[in-house]
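A short worksheet on the structure shown next.
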Amino acid sequence: MSETSSPVIDRIRRRLDEVIDPELRLPITQIGMVGDISVDEGGAAEVQVKLTIEACPMRSRIVQDVTAAAVRAEGVTTAEVDLHVMSPEERAALKEQLRAGGGKTNPFSQPDSLTKVYAVASGKGGVGKSSVTVNLACALAEQGLKVGVVDADVHGFSVPGLMGITAKPTRLDEMILPPVAYGVKTISIGMFVDGNQAVAWRGPMLHRAVEQFLNDVYFGDIDVLLLDLPPGTGDIAISVAQLLPDSELLVVTTPQAAAADIAERAGALSTQTEQKVAGVIENMGPMTMPDGSVLELFGSGGGQVVADRLSKQLGAEVPLLGSVPLDTGLRQAGDDGAPVAVSSPGSPAGSALRSIAAELAARGRGLSGRSLPLSV
Ligand SMILES: Nc1ncnc2c1ncn2[C@@H]1O[C@H](COP(=O)(O)OP(=O)(O)O)[C@@H](O)[C@H]1O
Ligand SMILES: [Mg+2]
């Protein structure tokens, strides 16, 4: 004989409150994933788990986590998971619940959104924009913030590789659940194309892709959203500014004078789009060699020059947030899919990126710094 309601079943439910769905990042008990629970006299428990979709890539992880949690409940000797799939009605209810909890259409453009949105921009490619984006994201997540990344460099996507993500996003009908790596919810066009296939899209398609990332991807209530923009001031940068009018730019530059000129143009994008420039990040800066000498492969001082010139041009203080030195460890970590800021936090580049992240984290979330609409 088995029961369906008893103190031991309550204890199991409390244990299951601690099991977080790996994609939705919510307790499985709160999103309708736990069905009936029974326990026989010998303490053998059976827990019914309802997956969101049949082909859930996380099923073995969920089974493992549920089993482990259930046997931790007092009075349980063994636990089995009875796997089911949500009915269309249950799935619709879940989607409704997610939308109400911040999953509405382009939630970041809502006036009451508390998510800080940073678009990482540069005048030209290869200055380390993507590396900076993923490292800041991972460092912010490690500091306890809820973080999302949108790889908006549709043609030159590189975020999945840098974060070591091979998982495909799960679809809940039109809702897309982003893979999570290093605690960061991440979406990239690279997750939808096979292998290294090129994405040969033009303006309107690019706009639509970015729009879909913002509308259909479930990020939940995140503190920070980082967008890795393509280099320059093209269509996507403008689309992002239109779709996310409160996004602020983080301008990445190398220390070179020529690069600084180009970075400045990227910053000037903000005049056109009326975006705020949150700060400048110098990358590939002076590197201290083992003998103590300093190698300035790409010169020095460019970050400060860009920050000063942008401050003047925009009439508002644009700070230099930091200089990330050239560091082979950063490149290696990127190739390994393990961002240096979390895989090698004490390294020169790792620690520089972490302190920039700490500075951004200190700005917190909220509406501060945002221009409020004037009422007449
Ligand atoms: N501080 C750094 N030290 C060493 N290598 C770096 C540094 N920043 C970036 N790189 C390397 O430079 C290349 C370009 O960086 P990436 O982040 O892809 O630039 P972008 O997104 O601006 O095109 C990558 O191979 C990356 O590993
Ligand atoms: Mg890039």
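In the structure tokens, the first chain shown is A, the next is B, and so on; residue numbers restart at 1 for each chain, and ligands run from 1 in the order shown.
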**For segment 23-30 of chain A: contacts at 8 Å, only C-alpha atoms, fewer than 6 positions along chain excluded, given as number ranges by chain** = A: 13, 16-17, 177-180, 218, 220
**Selection within 12 Å of ligand 2 by only C-alpha atoms and all ligand atoms, output as a ChimeraX atom specification** = /A:120-134,150-162,188,227-232,252,334
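Residues lying within 7 Å of Met175 of chain A, counting only C-alpha atoms and ignoring same-chain neighbours fewer than 4 positions away, are Arg171, Asp216, Val217 and Tyr218 of chain A.
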For the selection just defined, write its residues with all heavy atoms to a file, as a compact mmCIF listing (two decimals), in the first residue's frame.
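Below you can see selection.txt, which holds the result:
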# COMPACT_ATOMS: atom_id res chain seq x y z
N ARG A 171 12.93 24.56 -27.01
CA ARG A 171 11.79 25.39 -27.41
C ARG A 171 10.55 24.96 -26.66
O ARG A 171 10.24 23.78 -26.58
CB ARG A 171 11.53 25.20 -28.91
CG ARG A 171 12.32 26.13 -29.75
CD ARG A 171 12.10 25.80 -31.21
NE ARG A 171 12.88 26.70 -32.02
CZ ARG A 171 12.47 27.92 -32.37
NH1 ARG A 171 11.29 28.36 -32.01
NH2 ARG A 171 13.25 28.69 -33.10
N ASP A 216 11.39 36.43 -27.77
CA ASP A 216 11.01 35.03 -27.59
C ASP A 216 11.91 34.25 -26.64
O ASP A 216 11.57 33.15 -26.23
CB ASP A 216 11.02 34.30 -28.95
CG ASP A 216 10.01 34.88 -29.91
OD1 ASP A 216 9.15 35.67 -29.46
OD2 ASP A 216 10.07 34.56 -31.11
N VAL A 217 13.07 34.81 -26.32
CA VAL A 217 13.97 34.06 -25.42
C VAL A 217 13.58 34.37 -23.98
O VAL A 217 13.42 35.53 -23.61
CB VAL A 217 15.44 34.43 -25.68
CG1 VAL A 217 16.35 33.75 -24.68
CG2 VAL A 217 15.83 34.03 -27.10
N TYR A 218 13.43 33.31 -23.19
CA TYR A 218 13.05 33.51 -21.80
C TYR A 218 14.29 33.77 -20.94
O TYR A 218 15.04 32.86 -20.65
CB TYR A 218 12.29 32.28 -21.27
CG TYR A 218 12.04 32.39 -19.79
CD1 TYR A 218 11.07 33.27 -19.31
CD2 TYR A 218 12.80 31.67 -18.88
CE1 TYR A 218 10.85 33.42 -17.95
CE2 TYR A 218 12.59 31.82 -17.51
CZ TYR A 218 11.62 32.69 -17.06
OH TYR A 218 11.43 32.85 -15.72
**Message:** Counting only C-alpha atoms and all ligand atoms, which residue out of A:Leu136, A:Val294, A:Met284, A:Ala55 sits closest to ligand 1?
**Reply:**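 Of A:Leu136, A:Val294, A:Met284, A:Ala55, the one nearest ligand 1 is A:Met284, counting only C-alpha atoms and all ligand atoms.
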**Item:** DSSP-assigned alpha helix (DSSP H) members of segment 39-276 of chain A, reported as a count of residues only
**Value:** 83
**Item:** Residue contacts of Met86 of chain A (9 Å, only C-alpha atoms) excluding same-chain residues fewer than 2 positions away, as a PyMOL selection string
**Value:** chain A and resi 32-33+50-54+84+88-91
How would the residues just chosen look if you wrote them out with N, CA, C and O atoms as a short mmCIF file (atom, residue, chain, number, x, y, z; two decimals), in the first residue's frame?
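Contents of selection.cif, freshly written:
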data_model
loop_
_atom_site.label_atom_id
_atom_site.label_comp_id
_atom_site.auth_asym_id
_atom_site.auth_seq_id
_atom_site.Cartn_x
_atom_site.Cartn_y
_atom_site.Cartn_z
N GLY A 32 5.31 23.48 -12.04
CA GLY A 32 4.42 22.39 -12.42
C GLY A 32 5.14 21.15 -12.92
O GLY A 32 4.55 20.34 -13.64
N MET A 33 6.39 20.98 -12.55
CA MET A 33 7.11 19.80 -13.05
C MET A 33 6.98 18.59 -12.14
O MET A 33 7.36 17.49 -12.53
N LYS A 50 7.27 15.88 -14.62
CA LYS A 50 6.76 16.20 -15.95
C LYS A 50 7.75 17.12 -16.66
O LYS A 50 7.96 18.26 -16.22
N LEU A 51 8.33 16.62 -17.71
CA LEU A 51 9.27 17.44 -18.48
C LEU A 51 8.48 18.42 -19.35
O LEU A 51 7.36 18.14 -19.74
N THR A 52 9.11 19.55 -19.65
CA THR A 52 8.43 20.54 -20.48
C THR A 52 8.19 20.00 -21.89
O THR A 52 7.13 20.18 -22.46
N ILE A 53 9.20 19.33 -22.42
CA ILE A 53 9.05 18.73 -23.75
C ILE A 53 9.69 17.35 -23.74
O ILE A 53 10.57 17.06 -22.94
N GLU A 54 9.24 16.52 -24.66
CA GLU A 54 9.70 15.13 -24.75
C GLU A 54 11.23 15.06 -24.87
O GLU A 54 11.90 14.32 -24.16
N HIS A 84 7.27 11.88 -17.16
CA HIS A 84 6.14 12.19 -18.06
C HIS A 84 6.49 13.45 -18.84
O HIS A 84 7.49 14.09 -18.56
N PRO A 88 -0.30 19.72 -23.41
CA PRO A 88 -0.30 21.07 -24.02
C PRO A 88 -0.90 22.11 -23.08
O PRO A 88 -0.42 23.24 -23.02
N GLU A 89 -1.91 21.72 -22.29
CA GLU A 89 -2.52 22.68 -21.36
C GLU A 89 -1.53 23.06 -20.25
O GLU A 89 -1.42 24.22 -19.86
N GLU A 90 -0.83 22.05 -19.74
CA GLU A 90 0.14 22.33 -18.68
C GLU A 90 1.27 23.23 -19.19
O GLU A 90 1.76 24.12 -18.51
N ARG A 91 1.68 22.97 -20.44
CA ARG A 91 2.74 23.77 -21.03
C ARG A 91 2.28 25.22 -21.23
O ARG A 91 3.01 26.17 -20.97
#
**Item:** Which residue of A:Ser293, A:Asn283, A:Thr273, A:Ser344 approaches ligand 1 most closely, using only C-alpha atoms and all ligand atoms
**Value:**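 Residue with the minimum atom-to-atom distance to ligand 1: A:Asn283.
Using only C-alpha atoms and all ligand atoms, the shortest contact distance between ligand 1 and any of A:Leu269, A:Val251, A:Val149, A:Val306 is found at A:Val251.
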**Message:** Taking only C-alpha atoms into account, name the residue in A:Lys312, A:Val324, A:Asp82, A:Arg363 that is nearest to Arg59 of chain A.
**Reply:**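 Answer, going by the shortest atom-to-atom distance: A:Asp82.
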**Request:** as a VMD selection string, please: all residues of segment 108-296 of chain A that backbone DSSP puts in strand (DSSP E).
**Result:** chain A and resid 116 to 121 147 to 151 170 to 172 175 to 177 180 to 181 184 to 188 224 to 228 248 to 253 276 to 285 287 to 288 294 to 295
**Message:** Residues within 12 Å of Gln275 of chain A, please, as a VMD selection string. Count only C-alpha atoms; anything in the same chain fewer than 2 positions from it doesn't count.
**Reply:** chain A and resid 117 to 119 121 237 to 238 240 to 251 266 to 273 277 to 279 314 316 369 to 371
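Atom CA of Ser38 of chain A lies 10.5 Å from atom CA of Val76 of chain A.
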**Message:** I'd like the interatomic distance between atom CA of Gln110 of chain A and atom CA of Glu317 of chain A, to a tenth of an Å.
**Reply:** 26.3 Å
**Item:** Best match for closeness to Val342 of chain A among A:Ala357, A:Met287, A:Ala93, A:Val199, counting only C-alpha atoms
**Value:** A:Ala357
